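Reading through the structure tokens given below for one structure.
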Amino acid sequence: MASLVDRDLLFPAEPAVRAIARALYESVAGLPIISPHGHTDPRWYALDEAFPDPAQLLIVPDHYVFRMLFSQGVRLEDLGVPTADGSEVEIDGRKIWRLFARNYHLFRATPTRLWMDYVFSELFGLDQRPDERNADRLYDQISERLGEPSFRPRALFERFNIEAIATTEGALDDLKYHRMIRDSGWKGKVVTAYRPDAVVDPDFPGFAANLDQLGEMTGEDTGTWSGYLAAHRARRDYFRSFGATSSDHGHPDACTANLSATEAAALFAKVLSGGADTAERRLFRGQMLTEMAKMSLDDGLVLQIHPGSWRNHSDGVMQRFGRDKGFDIPTRTDYVAALKRLLDAVGLERDLTVVLFTLDESAYSRELAPLAGVYPALRLGPAWWFYDSPEGMRRFRELTTETAGFYNTVGFNDDTRAFPSIPARHDLARRVDCAFLARLVSEHRLGEDEAFEVAKELAYTLAKKAYRL
């Protein structure tokens, strides 16, 4: 059967360089997957139930897929995306799949097309890309496979050779599915990550009520600055008890602050009263990034910061469908000035790891690589949003390596919500990195023996080490 994935996908066209890239890739293609920054649903691993149908597995939960279709006029309701108020949407998986298949051509030359082709071919054994004519046949073929025990979440986890995967839960999550995973005795390593946006961002919906719930969960007085910080420490410890090695912060920008305890307490009181203006709410978020960094010095959690996104940009989609529906749009971000207070406080700490992500691609060579190339606490996270793309991955290496080197980055981080695409994304990253290394070898900028060592570091070791997995 012909594969939908060419053997030399993403490798250089020059035969000699391609041969080097191929050899490098073959040395890392089978390495275990470390997935330290993802958004798969922990209930999949806890319940280990068969996935319901191809649409619910591959289309409905994945904004990388449905955002493209929506941009071409396809209604989210017709794709089965749940509404915020529970109003009716399409639930017939076959109808959703037909709509997807009819429009699969829209993904041509996109990274989504590359990893979907990989999933169809390598996981489900399809020999054709979806279209209007073969939609029902492919749907039935995938559905038949999903009914097999070998296609349940835990079996796929093992088949994908996942050594460790982190899900991401909000600070108020009870982590019941992680408890179920632990209590089941299954040996798959699924850990959580602490995402406190709902209780550190005054602009987050229901912020005041969220603080009350945080207090109830921890037994701390979240009406006071000291009690509020103690509540965070308690939740971080709780998350760590379920394997968390990182916290995750999606702030609108990279602003940080380092106020005195008295100043911070006064600002917190103003935020709680509802009287803080836009600048003061921004300052509070900045203070909390520094507070989280200081807590990381105590408890060892890796601090992940990915600012520069206008989240949920469409008010209409947000109101109808809720958060995280593909409308997180990049904005210009200042890192040098914005991170100064945090770096003054903790940037020289060798035992702290702060991983910086960005949607502002131009910032890598101008700001982020120079910062990570000198501050011991900083590392660069290369793959978030468009860094799931071949061009983005290439540019990342080109923009950062000369200043930050390889070892101030943290390998590849897949930001996926669709579980089956995890190996596809890692395969894509390994191909791109091996192509980049092959070029360096061909230009005599890197020894071939060194390239084989670096290929393993980028594919596996750096992420495992940085995230302490």
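By order in the structure tokens, chains are A, B, ...; within a chain, residues start at 1; ligands start at 1, following the order shown.
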Q | Secondary structure check, helix (DSSP H, G or I) residues of range 59-122 of chain A, as a ChimeraX atom specification | A | /A:63-71,77-79,93-102,104-107,111-122
For the selection just defined, write its residues with N, CA and C atoms to a file, as a compact mmCIF listing (two decimals), in the first residue's frame.
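Just written: result14.txt:
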```txt
# COMPACT_ATOMS: atom_id res chain seq x y z
N HIS A 63 -9.15 22.63 17.17
CA HIS A 63 -9.35 23.92 16.51
C HIS A 63 -8.40 24.13 15.35
N TYR A 64 -7.28 23.39 15.31
CA TYR A 64 -6.41 23.48 14.14
C TYR A 64 -7.16 23.03 12.89
N VAL A 65 -8.08 22.10 13.06
CA VAL A 65 -8.87 21.59 11.93
C VAL A 65 -10.05 22.49 11.64
N PHE A 66 -10.89 22.75 12.63
CA PHE A 66 -12.15 23.41 12.29
C PHE A 66 -11.99 24.92 12.05
N ARG A 67 -10.89 25.53 12.50
CA ARG A 67 -10.72 26.96 12.24
C ARG A 67 -10.54 27.23 10.75
N MET A 68 -9.83 26.35 10.04
CA MET A 68 -9.66 26.51 8.60
C MET A 68 -11.00 26.37 7.88
N LEU A 69 -11.78 25.38 8.27
CA LEU A 69 -13.08 25.18 7.64
C LEU A 69 -13.99 26.36 7.92
N PHE A 70 -13.96 26.86 9.14
CA PHE A 70 -14.78 28.01 9.50
C PHE A 70 -14.39 29.23 8.68
N SER A 71 -13.08 29.40 8.42
CA SER A 71 -12.63 30.55 7.64
C SER A 71 -13.16 30.52 6.21
N GLU A 77 -21.38 24.80 14.03
CA GLU A 77 -22.48 23.92 14.44
C GLU A 77 -22.54 22.67 13.57
N ASP A 78 -22.29 22.85 12.26
CA ASP A 78 -22.33 21.71 11.34
C ASP A 78 -21.15 20.78 11.51
N LEU A 79 -20.10 21.27 12.19
CA LEU A 79 -18.93 20.44 12.49
C LEU A 79 -19.02 19.82 13.88
N GLY A 93 -21.78 11.77 13.40
CA GLY A 93 -20.37 11.77 13.03
C GLY A 93 -20.14 11.60 11.54
N ARG A 94 -20.96 10.80 10.89
CA ARG A 94 -20.79 10.58 9.46
C ARG A 94 -21.04 11.86 8.67
N LYS A 95 -22.05 12.61 9.06
CA LYS A 95 -22.35 13.88 8.37
C LYS A 95 -21.20 14.88 8.57
N ILE A 96 -20.68 14.94 9.79
CA ILE A 96 -19.54 15.83 10.07
C ILE A 96 -18.34 15.41 9.22
N TRP A 97 -18.08 14.11 9.17
CA TRP A 97 -16.95 13.61 8.39
C TRP A 97 -17.11 13.93 6.91
N ARG A 98 -18.31 13.75 6.39
CA ARG A 98 -18.55 14.06 4.97
C ARG A 98 -18.24 15.53 4.68
N LEU A 99 -18.65 16.40 5.57
CA LEU A 99 -18.39 17.83 5.39
C LEU A 99 -16.89 18.10 5.42
N PHE A 100 -16.20 17.47 6.34
CA PHE A 100 -14.74 17.60 6.43
C PHE A 100 -14.08 17.07 5.16
N ALA A 101 -14.49 15.89 4.71
CA ALA A 101 -13.87 15.26 3.54
C ALA A 101 -14.09 16.11 2.28
N ARG A 102 -15.26 16.66 2.16
CA ARG A 102 -15.58 17.50 0.99
C ARG A 102 -14.69 18.73 0.92
N TYR A 104 -11.48 18.85 2.41
CA TYR A 104 -10.12 18.54 2.81
C TYR A 104 -9.08 19.25 1.95
N HIS A 105 -9.46 19.60 0.73
CA HIS A 105 -8.53 20.31 -0.14
C HIS A 105 -8.12 21.67 0.42
N LEU A 106 -8.90 22.21 1.33
CA LEU A 106 -8.58 23.51 1.91
C LEU A 106 -7.29 23.48 2.73
N PHE A 107 -6.87 22.30 3.11
CA PHE A 107 -5.67 22.17 3.95
C PHE A 107 -4.39 21.99 3.14
N PRO A 111 0.42 22.81 7.64
CA PRO A 111 0.91 21.76 8.54
C PRO A 111 -0.18 20.78 8.95
N THR A 112 -1.42 21.28 9.05
CA THR A 112 -2.53 20.38 9.40
C THR A 112 -2.64 19.26 8.38
N ARG A 113 -2.50 19.59 7.11
CA ARG A 113 -2.55 18.57 6.06
C ARG A 113 -1.43 17.54 6.26
N LEU A 114 -0.23 17.98 6.61
CA LEU A 114 0.87 17.05 6.78
C LEU A 114 0.60 16.07 7.91
N TRP A 115 0.15 16.56 9.06
CA TRP A 115 -0.03 15.62 10.16
C TRP A 115 -1.32 14.82 10.03
N MET A 116 -2.34 15.36 9.34
CA MET A 116 -3.52 14.55 9.08
C MET A 116 -3.21 13.42 8.10
N ASP A 117 -2.42 13.71 7.06
CA ASP A 117 -2.00 12.65 6.15
C ASP A 117 -1.26 11.55 6.90
N TYR A 118 -0.40 11.97 7.83
CA TYR A 118 0.35 11.01 8.64
C TYR A 118 -0.61 10.13 9.45
N VAL A 119 -1.57 10.75 10.10
CA VAL A 119 -2.54 10.00 10.90
C VAL A 119 -3.33 9.03 10.04
N PHE A 120 -3.82 9.52 8.91
CA PHE A 120 -4.62 8.66 8.03
C PHE A 120 -3.82 7.46 7.54
N SER A 121 -2.59 7.72 7.14
CA SER A 121 -1.78 6.67 6.52
C SER A 121 -1.12 5.76 7.55
N GLU A 122 -0.40 6.36 8.50
CA GLU A 122 0.42 5.57 9.42
C GLU A 122 -0.39 4.93 10.54
```
Q) Which polymer residues have any atom within 6 Å of an atom of range 316-328 of chain A, counting only C-alpha atoms, with same-chain residues fewer than 5 positions away left out, as a ChimeraX atom specification? A) /A:63,67,83-84,309-311
Q | Shell around Pro390 in chain A at 8 Å using only C-alpha atoms, local window under 5 positions removed, as a list in words | A |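 So, after excluding close chain neighbours, the residues are Leu10, Pro111, Leu428, Ala429 and Val432 of chain A.
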Q: Using DSSP on the backbone coordinates, identify the residues of range 119-279 of chain A assigned to strand (DSSP E); present them as a VMD selection string.
A: chain A and resid 162 to 166 169 to 170 190 to 191 194 to 195 246 to 249
Q. With only C-alpha atoms as the basis for distance, which of A:Ala418, A:Glu450, A:Gly73, A:Leu339 is at the shortest distance from Pro61 in chain A?
A.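 Ranked by minimum distance to Pro61 in chain A, first place goes to A:Ala418.
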Q.
Let me make sure I understand: among A:Arg394, A:His251, A:Lys465, A:Arg233, which one has the smallest atom-to-atom distance to Arg439 in chain A if we use only C-alpha atoms?
A.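 Going through A:Arg394, A:His251, A:Lys465, A:Arg233 one by one, the smallest distance to Arg439 in chain A is for A:Arg394.
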Q: Find the residues near Tyr177 in chain A: any atom within 12 Å, counting only C-alpha atoms, skip ones fewer than 5 places away on the same chain, and give them as a VMD selection string.
A: chain A and resid 41 to 48 167 169 182 to 184 190 to 192 242
Q. Which one of A:Pro12, A:Pro382, A:Gly274, A:Pro52 sits closest to Pro202 in chain A if you count only C-alpha atoms?
A.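 Closest to Pro202 in chain A of all the choices is A:Gly274.
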Q | Nearby residues (only C-alpha atoms) at most 8 Å from Pro36 in chain A, same-chain spacing under 5 positions excluded, as number ranges by chain | A | A: 164-167, 413-414, 463, 467
